[in-house]
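S.K.: Got a structure for you, questions after.
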Amino acid sequence: MELRHLLTFKAIVEQGGFKNAAEHLGYAQSSVTVHIKELEEELGKPLFDRLGRKVFLTNYGTRFLPYTTKIIDLHNEAIESINLDEVPRGNLVIGVSELITQYRIPSLFMEYKKRYPNVSLSLKSLESEDISSAIRNGKIDLALVLEKSDWFEKELHIEKIKDELIVLISPIDNKSTSDTILFTEEGCSYKSMFENYLREKRIEVKDTLSFSSLEAIKQCVMYGIGISMLPYFSVKEELDSQKINGQFMKLNETENSTFLVYHKNKQLSLAIQSMISLIKDHSLLWN
């Protein structure tokens, strides 16, 4: 039983005849006639009495009409239900590097939740997580991470959002000796880049301290305990207020970028698409 046959049957009843129904539906009258003939053959009963130029519902047609209406209404409900996805909804898990979480996520998430209240948003730190594995195993839908600019994973869609400036920070009064190194925690890309930089420059390291807190690193630099290497956006305020000194690093080996990442085979829901779009909008304002 084809939906178009039911729509034609209902239109004939509502429009008062085959000719009017054909005009209403945009069909040739012969097509309307064929639709009803095929429907009557399928049901094995006549739906209309043809009396001259007028048609009337038979008893079978009268009994069949409310079911036709229910089927058409149910079809329309199903279409409307599918189209509800035009409004982002569902669950969305975002994996984010810790540095981005502290400085760029609050305003991004606040705006997203305001725009799309039907999406349940979750945040997962990626500092101790293998990004490729987390995406491949479905632990996260989308990732926003800091990695070296040449980062590549064959299974992932990796889109560079912004090249990041890197700053070697030191105390404002220069009382610190450069042989005390303040590292970010293990697994952070800035730790490995700083280590490479120290080796390349053959800088003698006497003491090393590792911190999970970026604020702790900056406070230690301010107090003259040592030096560190951090992304510019995380120390911009302290540099502008002259609480610390900063030297921008230009070495290719220390280039870093923020990437938007998801699995190449991931079906991008409207919730994901909306988040991607908002991230790109916000990135235009990032330092």
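The chains in the structure tokens are called A, B, ... from first to last as shown; in each chain the residues are counted from 1, and the ligands are counted from 1 in the order shown.
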I'd like to know which residues of region 112-281 of chain A are helix (DSSP H, G or I) (by DSSP, run on the backbone); could you write them as a ChimeraX atom specification?

M.R.: /A:112-115,131-136,189-200,214-222,232-240,252-254,270-281

S.K.: Determine, counting only C-alpha atoms, which protein, DNA and RNA residues have an atom within 7 Å of an atom of region 96-101 of chain A; residues of the same chain fewer than 3 positions away are not included. Present the result as a ChimeraX atom specification.

M.R.: /A:104-105,124-127,143-146

S.K.: Counting only C-alpha atoms, which residue out of A:Tyr262, A:Phe183, A:Tyr103, A:Phe18 sits closest to Asn287 (chain A)?

M.R.: A:Tyr103

S.K.: Might you pull out every residue within 7 Å of Leu168 (chain A), with only C-alpha atoms counted and same-chain residues fewer than 4 positions away left off, and present them as a PyMOL selection string?

M.R.: chain A and resi 228-230+246-249

S.K.: Could the residues in this selection be saved with N, CA, C and O atoms as a PDB file, in the first residue's frame?

M.R.:
ATOM      1  N   SER A 228      60.264  28.545  32.703  1.00  0.00           N
ATOM      2  CA  SER A 228      59.362  27.557  32.112  1.00  0.00           C
ATOM      3  C   SER A 228      59.028  27.961  30.688  1.00  0.00           C
ATOM      4  O   SER A 228      59.343  29.080  30.240  1.00  0.00           O
ATOM      5  N   MET A 229      58.402  27.053  29.964  1.00  0.00           N
ATOM      6  CA  MET A 229      57.958  27.311  28.605  1.00  0.00           C
ATOM      7  C   MET A 229      56.472  27.003  28.514  1.00  0.00           C
ATOM      8  O   MET A 229      56.039  25.884  28.801  1.00  0.00           O
ATOM      9  N   LEU A 230      55.678  28.027  28.123  1.00  0.00           N
ATOM     10  CA  LEU A 230      54.233  27.890  28.112  1.00  0.00           C
ATOM     11  C   LEU A 230      53.644  28.572  26.874  1.00  0.00           C
ATOM     12  O   LEU A 230      54.296  29.426  26.261  1.00  0.00           O
ATOM     13  N   GLY A 246      59.108  37.493  29.253  1.00  0.00           N
ATOM     14  CA  GLY A 246      58.796  36.473  28.263  1.00  0.00           C
ATOM     15  C   GLY A 246      59.600  36.631  26.999  1.00  0.00           C
ATOM     16  O   GLY A 246      59.808  37.753  26.518  1.00  0.00           O
ATOM     17  N   GLN A 247      60.088  35.508  26.479  1.00  0.00           N
ATOM     18  CA  GLN A 247      60.830  35.500  25.220  1.00  0.00           C
ATOM     19  C   GLN A 247      60.099  34.559  24.254  1.00  0.00           C
ATOM     20  O   GLN A 247      59.978  33.364  24.509  1.00  0.00           O
ATOM     21  N   PHE A 248      59.613  35.091  23.137  1.00  0.00           N
ATOM     22  CA  PHE A 248      58.902  34.267  22.172  1.00  0.00           C
ATOM     23  C   PHE A 248      59.884  33.336  21.476  1.00  0.00           C
ATOM     24  O   PHE A 248      60.968  33.751  21.057  1.00  0.00           O
ATOM     25  N   MET A 249      59.478  32.090  21.359  1.00  0.00           N
ATOM     26  CA  MET A 249      60.324  31.069  20.749  1.00  0.00           C
ATOM     27  C   MET A 249      59.919  30.882  19.291  1.00  0.00           C
ATOM     28  O   MET A 249      58.739  30.708  18.981  1.00  0.00           O
TER      29      MET A 249
END

S.K.: Hey, what's within 12 Å of Asp173 (chain A) if we count only C-alpha atoms and toss same-chain stuff fewer than 3 positions away? As an NGL selection string, please?

M.R.: :A and (169-170 or 176-177 or 221-226 or 242-245)

S.K.: Take the residues that were just selected and, keeping N, CA and C atoms, output them as a PDB file, in the first residue's frame.

M.R.:
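Okay, part01.pdb is ready:
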ATOM      1  N   ILE A 169      59.343  31.824  29.776  1.00  0.00           N
ATOM      2  CA  ILE A 169      59.086  32.827  30.819  1.00  0.00           C
ATOM      3  C   ILE A 169      60.124  32.740  31.938  1.00  0.00           C
ATOM      4  N   SER A 170      60.433  33.902  32.492  1.00  0.00           N
ATOM      5  CA  SER A 170      61.427  33.996  33.564  1.00  0.00           C
ATOM      6  C   SER A 170      61.023  35.123  34.509  1.00  0.00           C
ATOM      7  N   SER A 176      66.488  34.704  39.062  1.00  0.00           N
ATOM      8  CA  SER A 176      66.491  33.258  38.953  1.00  0.00           C
ATOM      9  C   SER A 176      67.655  32.781  38.099  1.00  0.00           C
ATOM     10  N   THR A 177      68.177  31.635  38.421  1.00  0.00           N
ATOM     11  CA  THR A 177      69.147  30.980  37.541  1.00  0.00           C
ATOM     12  C   THR A 177      68.369  30.078  36.601  1.00  0.00           C
ATOM     13  N   VAL A 221      57.603  31.068  38.932  1.00  0.00           N
ATOM     14  CA  VAL A 221      58.439  31.935  38.097  1.00  0.00           C
ATOM     15  C   VAL A 221      58.467  33.342  38.689  1.00  0.00           C
ATOM     16  N   MET A 222      57.314  33.850  39.104  1.00  0.00           N
ATOM     17  CA  MET A 222      57.250  35.196  39.689  1.00  0.00           C
ATOM     18  C   MET A 222      58.141  35.318  40.920  1.00  0.00           C
ATOM     19  N   TYR A 223      58.232  34.203  41.697  1.00  0.00           N
ATOM     20  CA  TYR A 223      59.034  34.231  42.918  1.00  0.00           C
ATOM     21  C   TYR A 223      60.501  33.904  42.657  1.00  0.00           C
ATOM     22  N   GLY A 224      60.872  33.727  41.395  1.00  0.00           N
ATOM     23  CA  GLY A 224      62.282  33.531  41.066  1.00  0.00           C
ATOM     24  C   GLY A 224      62.786  32.123  41.234  1.00  0.00           C
ATOM     25  N   ILE A 225      61.894  31.143  41.281  1.00  0.00           N
ATOM     26  CA  ILE A 225      62.324  29.761  41.506  1.00  0.00           C
ATOM     27  C   ILE A 225      62.951  29.151  40.260  1.00  0.00           C
ATOM     28  N   GLY A 226      62.450  29.537  39.080  1.00  0.00           N
ATOM     29  CA  GLY A 226      63.002  28.953  37.866  1.00  0.00           C
ATOM     30  C   GLY A 226      62.350  29.525  36.623  1.00  0.00           C
ATOM     31  N   GLN A 242      53.459  42.906  33.386  1.00  0.00           N
ATOM     32  CA  GLN A 242      54.887  42.879  33.719  1.00  0.00           C
ATOM     33  C   GLN A 242      55.183  42.165  35.036  1.00  0.00           C
ATOM     34  N   LYS A 243      54.486  41.082  35.238  1.00  0.00           N
ATOM     35  CA  LYS A 243      54.754  40.249  36.405  1.00  0.00           C
ATOM     36  C   LYS A 243      55.848  39.225  36.116  1.00  0.00           C
ATOM     37  N   ILE A 244      56.060  38.939  34.836  1.00  0.00           N
ATOM     38  CA  ILE A 244      57.106  38.011  34.405  1.00  0.00           C
ATOM     39  C   ILE A 244      57.711  38.537  33.101  1.00  0.00           C
ATOM     40  N   ASN A 245      58.892  38.041  32.797  1.00  0.00           N
ATOM     41  CA  ASN A 245      59.500  38.302  31.499  1.00  0.00           C
ATOM     42  C   ASN A 245      59.132  37.175  30.535  1.00  0.00           C
TER      43      ASN A 245
END

S.K.: Which is closest to Pro106 (chain A) among A:Lys54, A:Lys206, A:His282, A:Lys236, if we use only C-alpha atoms?

M.R.: A:His282

S.K.: Between CA of Glu204 (chain A) and CA of Pro231 (chain A), what distance in Å does the model show, to one decimal?

M.R.: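 Interatomic distance, CA of Glu204 (chain A) to CA of Pro231 (chain A): 22.7 Å.
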
S.K.: Using only C-alpha atoms, find the one residue out of A:Leu165, A:Ala11, A:Val87, A:Lys45 that sits nearest to Gly26 (chain A).

M.R.: A:Ala11

S.K.: Could you pull out the residues in region 69-280 of chain A that DSSP calls strand (DSSP E) from the backbone, as a short mmCIF file (atom, residue, chain, number, x, y, z; two decimals) with C-alpha atoms, in the first residue's frame?

M.R.:
data_model
loop_
_atom_site.label_atom_id
_atom_site.label_comp_id
_atom_site.auth_asym_id
_atom_site.auth_seq_id
_atom_site.Cartn_x
_atom_site.Cartn_y
_atom_site.Cartn_z
CA GLY A 90 21.59 14.34 22.72
CA ASN A 91 24.94 13.75 24.44
CA LEU A 92 28.24 15.33 23.43
CA VAL A 93 31.57 14.43 25.04
CA ILE A 94 34.47 16.78 24.31
CA GLY A 95 38.06 15.83 25.06
CA VAL A 96 40.22 18.86 25.83
CA VAL A 119 22.50 18.94 24.38
CA SER A 120 23.99 17.25 27.43
CA LEU A 121 27.60 18.44 27.37
CA SER A 122 30.48 16.59 29.05
CA LEU A 123 34.15 17.50 29.31
CA LYS A 124 36.98 14.97 29.53
CA SER A 125 40.61 15.84 30.24
CA LEU A 142 35.38 15.46 19.52
CA ALA A 143 38.72 16.71 20.79
CA LEU A 144 40.34 20.13 21.09
CA VAL A 145 44.03 19.63 21.78
CA LEU A 146 47.45 21.24 21.76
CA GLU A 147 50.01 19.28 19.78
CA LYS A 148 53.11 19.83 17.67
CA LEU A 156 41.71 10.87 12.61
CA HIS A 157 40.40 13.99 10.97
CA ILE A 158 42.86 16.57 12.28
CA GLU A 159 42.10 20.20 11.53
CA LYS A 160 44.46 22.95 12.60
CA ILE A 161 42.50 25.73 14.29
CA LYS A 162 45.31 28.04 15.35
CA ASP A 163 49.10 28.18 15.44
CA GLU A 164 50.14 28.96 18.99
CA ILE A 166 55.28 29.80 22.68
CA VAL A 167 56.97 31.85 25.38
CA LEU A 168 60.00 31.13 27.54
CA ILE A 169 59.09 32.83 30.82
CA SER A 170 61.43 34.00 33.56
CA PRO A 171 61.24 36.22 36.69
CA THR A 180 66.02 25.29 37.57
CA ILE A 181 63.37 24.14 35.14
CA LEU A 182 59.66 24.17 35.82
CA PHE A 183 57.87 21.58 33.72
CA THR A 184 54.24 20.97 33.03
CA ASP A 207 66.94 20.97 39.20
CA THR A 208 63.56 20.16 37.69
CA LEU A 209 60.11 20.55 39.17
CA SER A 210 56.91 19.26 37.58
CA PHE A 211 53.49 20.78 38.18
CA SER A 228 59.36 27.56 32.11
CA MET A 229 57.96 27.31 28.60
CA LEU A 230 54.23 27.89 28.11
CA PRO A 231 51.77 28.94 25.41
CA ILE A 244 57.11 38.01 34.40
CA ASN A 245 59.50 38.30 31.50
CA GLY A 246 58.80 36.47 28.26
CA GLN A 247 60.83 35.50 25.22
CA PHE A 248 58.90 34.27 22.17
CA MET A 249 60.32 31.07 20.75
CA ASN A 256 52.67 24.11 18.46
CA SER A 257 49.04 24.35 17.34
CA THR A 258 45.52 23.86 18.57
CA PHE A 259 43.74 21.11 16.66
CA LEU A 260 40.14 20.07 16.25
CA VAL A 261 40.00 16.29 16.04
CA TYR A 262 37.45 13.53 15.42
CA HIS A 263 37.42 10.09 13.82
#

S.K.: Kindly indicate which residue among A:Leu47, A:Ile71, A:Glu2, A:Leu108 lies nearest to Asp281 (chain A), using only C-alpha atoms for the distances.

M.R.: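 Answer, going by the shortest atom-to-atom distance: A:Leu108.
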
S.K.: Work out how far CA of Ile135 (chain A) is from CA of Phe194 (chain A), in Å to one decimal.

M.R.: 27.1 Å

S.K.: Of the candidates A:Phe48, A:Gln273, A:Ile217, A:Thr8, which shows the shortest atom-to-atom distance to Leu25 (chain A), using only C-alpha atoms?

M.R.: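 For Leu25 (chain A), the nearest of the candidates is A:Thr8.
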
S.K.: Env of region 113-117 of chain A: 10 Å cut, atoms = only C-alpha atoms, seq-sep filter 6 positions within chain, self excluded. Answer as a list in words.

M.R.: Val87, Pro88, Arg89, Gly90, Ala271, Ser274 and Met275 of chain A

S.K.: List as a ChimeraX atom specification the protein and nucleic acid residues near Ile72 (chain A), meaning an atom at most 10 Å away when only C-alpha atoms are counted, but skip any in the same chain fewer than 3 places from it.

M.R.: /A:3-4,6-7,10,66-69,75-78

S.K.: With only C-alpha atoms as the counted atoms, please give the residues lying no more than 12 Å from Glu40 (chain A), apart from itself and same-chain residues fewer than 5 positions off, as a PyMOL selection string.

M.R.: chain A and resi 1+5-6+9+33-35+45-49+58+60-61+64

S.K.: Keeping only N, CA and C atoms, write the selected residues to a file as a CSV table (one decimal), in the first residue's frame.

M.R.:
chain,number,residue,atom,x,y,z
A,1,MET,N,0.9,-1.2,0.0
A,1,MET,CA,0.0,0.0,0.0
A,1,MET,C,0.9,1.2,0.0
A,5,HIS,N,-1.0,6.7,-2.9
A,5,HIS,CA,-2.4,6.2,-3.1
A,5,HIS,C,-3.3,6.7,-2.0
A,6,LEU,N,-2.8,6.6,-0.8
A,6,LEU,CA,-3.7,7.1,0.3
A,6,LEU,C,-3.9,8.6,0.3
A,9,PHE,N,-6.5,9.3,-2.4
A,9,PHE,CA,-7.8,8.9,-1.9
A,9,PHE,C,-8.4,10.0,-1.0
A,33,THR,N,-6.8,8.6,-11.3
A,33,THR,CA,-7.6,7.4,-11.7
A,33,THR,C,-6.9,6.1,-11.5
A,34,VAL,N,-5.6,6.1,-11.9
A,34,VAL,CA,-4.8,4.9,-11.8
A,34,VAL,C,-4.5,4.6,-10.3
A,35,HIS,N,-4.2,5.7,-9.5
A,35,HIS,CA,-3.9,5.5,-8.1
A,35,HIS,C,-5.1,4.8,-7.4
A,45,LYS,N,-11.9,-4.1,-2.8
A,45,LYS,CA,-13.2,-3.5,-2.6
A,45,LYS,C,-13.3,-2.2,-3.3
A,46,PRO,N,-14.5,-1.8,-3.8
A,46,PRO,CA,-14.6,-0.4,-4.4
A,46,PRO,C,-14.7,0.6,-3.3
A,47,LEU,N,-14.0,1.7,-3.5
A,47,LEU,CA,-14.0,2.8,-2.6
A,47,LEU,C,-14.9,3.9,-3.0
A,48,PHE,N,-15.2,4.0,-4.2
A,48,PHE,CA,-16.1,5.1,-4.7
A,48,PHE,C,-17.2,4.5,-5.6
A,49,ASP,N,-18.4,5.2,-5.6
A,49,ASP,CA,-19.4,5.0,-6.6
A,49,ASP,C,-19.3,6.2,-7.5
A,58,THR,N,-18.2,4.6,-1.0
A,58,THR,CA,-19.0,3.4,-0.7
A,58,THR,C,-18.9,3.2,0.8
A,60,TYR,N,-17.4,0.7,2.0
A,60,TYR,CA,-16.0,0.3,2.2
A,60,TYR,C,-15.1,1.6,2.3
A,61,GLY,N,-15.4,2.5,1.4
A,61,GLY,CA,-14.6,3.8,1.4
A,61,GLY,C,-14.7,4.6,2.7
A,64,PHE,N,-12.8,2.9,5.4
A,64,PHE,CA,-11.4,3.0,5.1
A,64,PHE,C,-10.8,4.3,5.4

S.K.: Quick one: distance from CA of Gln102 (chain A) to CA of Tyr197 (chain A) in Å, one decimal?

M.R.: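 These atoms are spaced 24.8 Å apart.
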
S.K.: Could you tell me which of A:Glu185, A:Glu255, A:Glu215, A:Glu111 comes closest to Glu238 (chain A) if we count only C-alpha atoms?

M.R.: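 Among A:Glu185, A:Glu255, A:Glu215, A:Glu111, it is A:Glu215 that comes nearest to Glu238 (chain A).
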